[in-house]
Amino acid sequence: MKRWLLLAVLLCGTVRAAENRAGEILERLAAGFRAMKGYEVDFTVEAGEYRTAGSYAVEGQGYFLTLGDAEVFCDGTVRYEVDNARREVTIVGVDTASRNILNNPVKAFDFLDSEYDPELLSEAAGRAVVRLTPTAGNSSPAGVITVTVSTATMRPEVLDYDYDGERVRITIGRVASLGGPLRTFDRKRCEGYEFIDFR
């Protein structure tokens, strides 16, 4: 009986240590982005046969994102999705709770105090893998998120989103301080485009 009790205590301690380490990694990851006044990130998106490169820049609550022919401008309140191939501009409100990098890059790596339970899956060879599972009652559509982090730089390397079996992988390339002013939406550049306002 004592042996089983000791084993249970040891397992409980190991689980707690892994949870603490997962939280520490996420905290240091978020702190690295918060420390920059503005930053730029290059990435690649893969979903099934689809693969394309993109980038985004963040300053405060605003961001500018490119993905293929599309551009997204956000001032923290309103999001302008510009489809240059279709010559359309879709205007929507901002989902400030989203942790999806394509939906709200401002909070893409800020999982602290969020509606996710972190779990350290592995840590070896300078990389840590943390799985974030939505807590009960979490209304976020992001599903389960797995983030791979370089423990040397505390920078993200890969984000895997699993939406009920539909998987999207984001591979992170360059992360750097913002090199100039953040691009903002300019209606004049979209003259002749169709504007669709869902606000």
# chains A, B, ... in the order shown; residues from 1 in each chain; ligands from 1
$ residues_around --residues "stretch 186-196 of chain A" --least-positions-apart "4" --cutoff "8 Å" --atoms "only C-alpha atoms" --output "PyMOL selection string"
chain A and resi 87-91
$ residues_around --residues "A:Ala30" --least-positions-apart "5" --cutoff "12 Å" --atoms "only C-alpha atoms" --output "list of chain:residue names"
A:Gly23, A:Glu24, A:Ile25, A:Ala35, A:Met36, A:Arg99, A:Val106, A:Lys107, A:Ala108, A:Phe109, A:Asp110, A:Phe111, A:Leu112, A:Asp113, A:Val149, A:Met154, A:Arg155, A:Pro156
$ write_last_selection --atoms "C-alpha atoms" --output "mmCIF file, in the first residue's frame"
data_model
loop_
_atom_site.group_PDB
_atom_site.id
_atom_site.type_symbol
_atom_site.label_atom_id
_atom_site.label_comp_id
_atom_site.auth_asym_id
_atom_site.auth_seq_id
_atom_site.Cartn_x
_atom_site.Cartn_y
_atom_site.Cartn_z
ATOM 1 C CA GLY A 23 3.444 27.395 -18.144
ATOM 2 C CA GLU A 24 6.993 28.734 -17.815
ATOM 3 C CA ILE A 25 7.705 28.140 -21.515
ATOM 4 C CA ALA A 35 9.103 43.131 -24.975
ATOM 5 C CA MET A 36 9.141 44.284 -28.609
ATOM 6 C CA ARG A 99 -5.339 32.970 -30.455
ATOM 7 C CA VAL A 106 -1.551 40.104 -31.865
ATOM 8 C CA LYS A 107 -2.395 37.248 -29.457
ATOM 9 C CA ALA A 108 -1.028 34.319 -31.481
ATOM 10 C CA PHE A 109 1.586 33.477 -28.842
ATOM 11 C CA ASP A 110 -0.070 34.852 -25.718
ATOM 12 C CA PHE A 111 -1.694 31.857 -24.054
ATOM 13 C CA LEU A 112 -1.344 33.164 -20.501
ATOM 14 C CA ASP A 113 -4.607 33.326 -18.562
ATOM 15 C CA VAL A 149 9.327 26.415 -29.127
ATOM 16 C CA MET A 154 12.198 31.116 -26.637
ATOM 17 C CA ARG A 155 10.856 31.778 -30.116
ATOM 18 C CA PRO A 156 8.101 29.736 -31.777
#
$ closest_residue --among "A:Glu59, A:Glu46, A:Glu27, A:Asp160" --to "A:Pro105" --atoms "only C-alpha atoms"
A:Glu59
$ closest_residue --among "A:Pro118, A:Glu19, A:Tyr50, A:Glu40" --to "A:Ile170" --atoms "only C-alpha atoms"
A:Tyr50
$ select_by_dssp --residues "chain A" --states "alpha helix (DSSP H)" --output "number ranges by chain"
A: 2-34
$ write_last_selection --atoms "N, CA and C atoms" --output "compact mmCIF listing (two decimals), in the first residue's frame"
# COMPACT_ATOMS: atom_id res chain seq x y z
N LYS A 2 1.92 1.24 0.86
CA LYS A 2 2.79 2.40 0.94
C LYS A 2 3.49 2.63 -0.40
N ARG A 3 3.86 1.52 -1.08
CA ARG A 3 4.54 1.63 -2.36
C ARG A 3 3.65 2.31 -3.39
N TRP A 4 2.33 1.93 -3.42
CA TRP A 4 1.39 2.54 -4.35
C TRP A 4 1.18 4.01 -4.03
N LEU A 5 1.11 4.32 -2.75
CA LEU A 5 0.94 5.71 -2.33
C LEU A 5 2.13 6.55 -2.74
N LEU A 6 3.33 6.01 -2.56
CA LEU A 6 4.56 6.70 -2.96
C LEU A 6 4.59 6.92 -4.47
N LEU A 7 4.18 5.91 -5.23
CA LEU A 7 4.14 6.01 -6.68
C LEU A 7 3.15 7.09 -7.12
N ALA A 8 1.99 7.13 -6.47
CA ALA A 8 0.97 8.13 -6.80
C ALA A 8 1.49 9.54 -6.51
N VAL A 9 2.18 9.71 -5.38
CA VAL A 9 2.76 11.02 -5.03
C VAL A 9 3.81 11.44 -6.05
N LEU A 10 4.67 10.49 -6.45
CA LEU A 10 5.71 10.79 -7.43
C LEU A 10 5.11 11.17 -8.78
N LEU A 11 4.09 10.42 -9.20
CA LEU A 11 3.43 10.73 -10.48
C LEU A 11 2.76 12.09 -10.44
N CYS A 12 2.12 12.38 -9.34
CA CYS A 12 1.46 13.68 -9.17
C CYS A 12 2.48 14.80 -9.24
N GLY A 13 3.63 14.60 -8.59
CA GLY A 13 4.70 15.60 -8.62
C GLY A 13 5.27 15.78 -10.01
N THR A 14 5.40 14.70 -10.77
CA THR A 14 5.91 14.77 -12.14
C THR A 14 4.94 15.52 -13.03
N VAL A 15 3.66 15.24 -12.90
CA VAL A 15 2.63 15.93 -13.70
C VAL A 15 2.64 17.43 -13.38
N ARG A 16 2.71 17.76 -12.07
CA ARG A 16 2.74 19.17 -11.68
C ARG A 16 3.96 19.88 -12.22
N ALA A 17 5.10 19.21 -12.18
CA ALA A 17 6.35 19.80 -12.69
C ALA A 17 6.23 20.06 -14.19
N ALA A 18 5.63 19.11 -14.93
CA ALA A 18 5.45 19.28 -16.37
C ALA A 18 4.50 20.43 -16.67
N GLU A 19 3.41 20.55 -15.88
CA GLU A 19 2.48 21.67 -16.05
C GLU A 19 3.16 22.99 -15.77
N ASN A 20 3.97 23.03 -14.71
CA ASN A 20 4.70 24.25 -14.37
C ASN A 20 5.69 24.62 -15.47
N ARG A 21 6.39 23.61 -16.02
CA ARG A 21 7.35 23.87 -17.10
C ARG A 21 6.63 24.35 -18.36
N ALA A 22 5.49 23.77 -18.68
CA ALA A 22 4.70 24.22 -19.84
C ALA A 22 4.30 25.68 -19.65
N GLY A 23 3.82 26.01 -18.43
CA GLY A 23 3.44 27.40 -18.14
C GLY A 23 4.62 28.34 -18.23
N GLU A 24 5.79 27.91 -17.75
CA GLU A 24 6.99 28.73 -17.81
C GLU A 24 7.40 29.01 -19.26
N ILE A 25 7.34 27.98 -20.10
CA ILE A 25 7.71 28.14 -21.51
C ILE A 25 6.76 29.12 -22.19
N LEU A 26 5.45 28.98 -21.95
CA LEU A 26 4.47 29.88 -22.55
C LEU A 26 4.65 31.31 -22.05
N GLU A 27 4.98 31.45 -20.77
CA GLU A 27 5.20 32.77 -20.19
C GLU A 27 6.41 33.46 -20.84
N ARG A 28 7.50 32.72 -21.00
CA ARG A 28 8.70 33.29 -21.62
C ARG A 28 8.48 33.59 -23.10
N LEU A 29 7.70 32.76 -23.78
CA LEU A 29 7.36 32.99 -25.18
C LEU A 29 6.58 34.29 -25.34
N ALA A 30 5.54 34.46 -24.52
CA ALA A 30 4.72 35.67 -24.56
C ALA A 30 5.54 36.90 -24.18
N ALA A 31 6.40 36.77 -23.17
CA ALA A 31 7.21 37.91 -22.71
C ALA A 31 8.14 38.40 -23.81
N GLY A 32 8.68 37.49 -24.61
CA GLY A 32 9.57 37.87 -25.70
C GLY A 32 8.86 38.75 -26.71
N PHE A 33 7.62 38.43 -27.04
CA PHE A 33 6.85 39.26 -27.99
C PHE A 33 6.41 40.57 -27.36
N ARG A 34 6.02 40.51 -26.08
CA ARG A 34 5.58 41.74 -25.40
C ARG A 34 6.72 42.75 -25.26
$ atom_distance --atom1 "atom CA of A:Val72" --atom2 "atom CA of A:Pro134"
26.6 Å
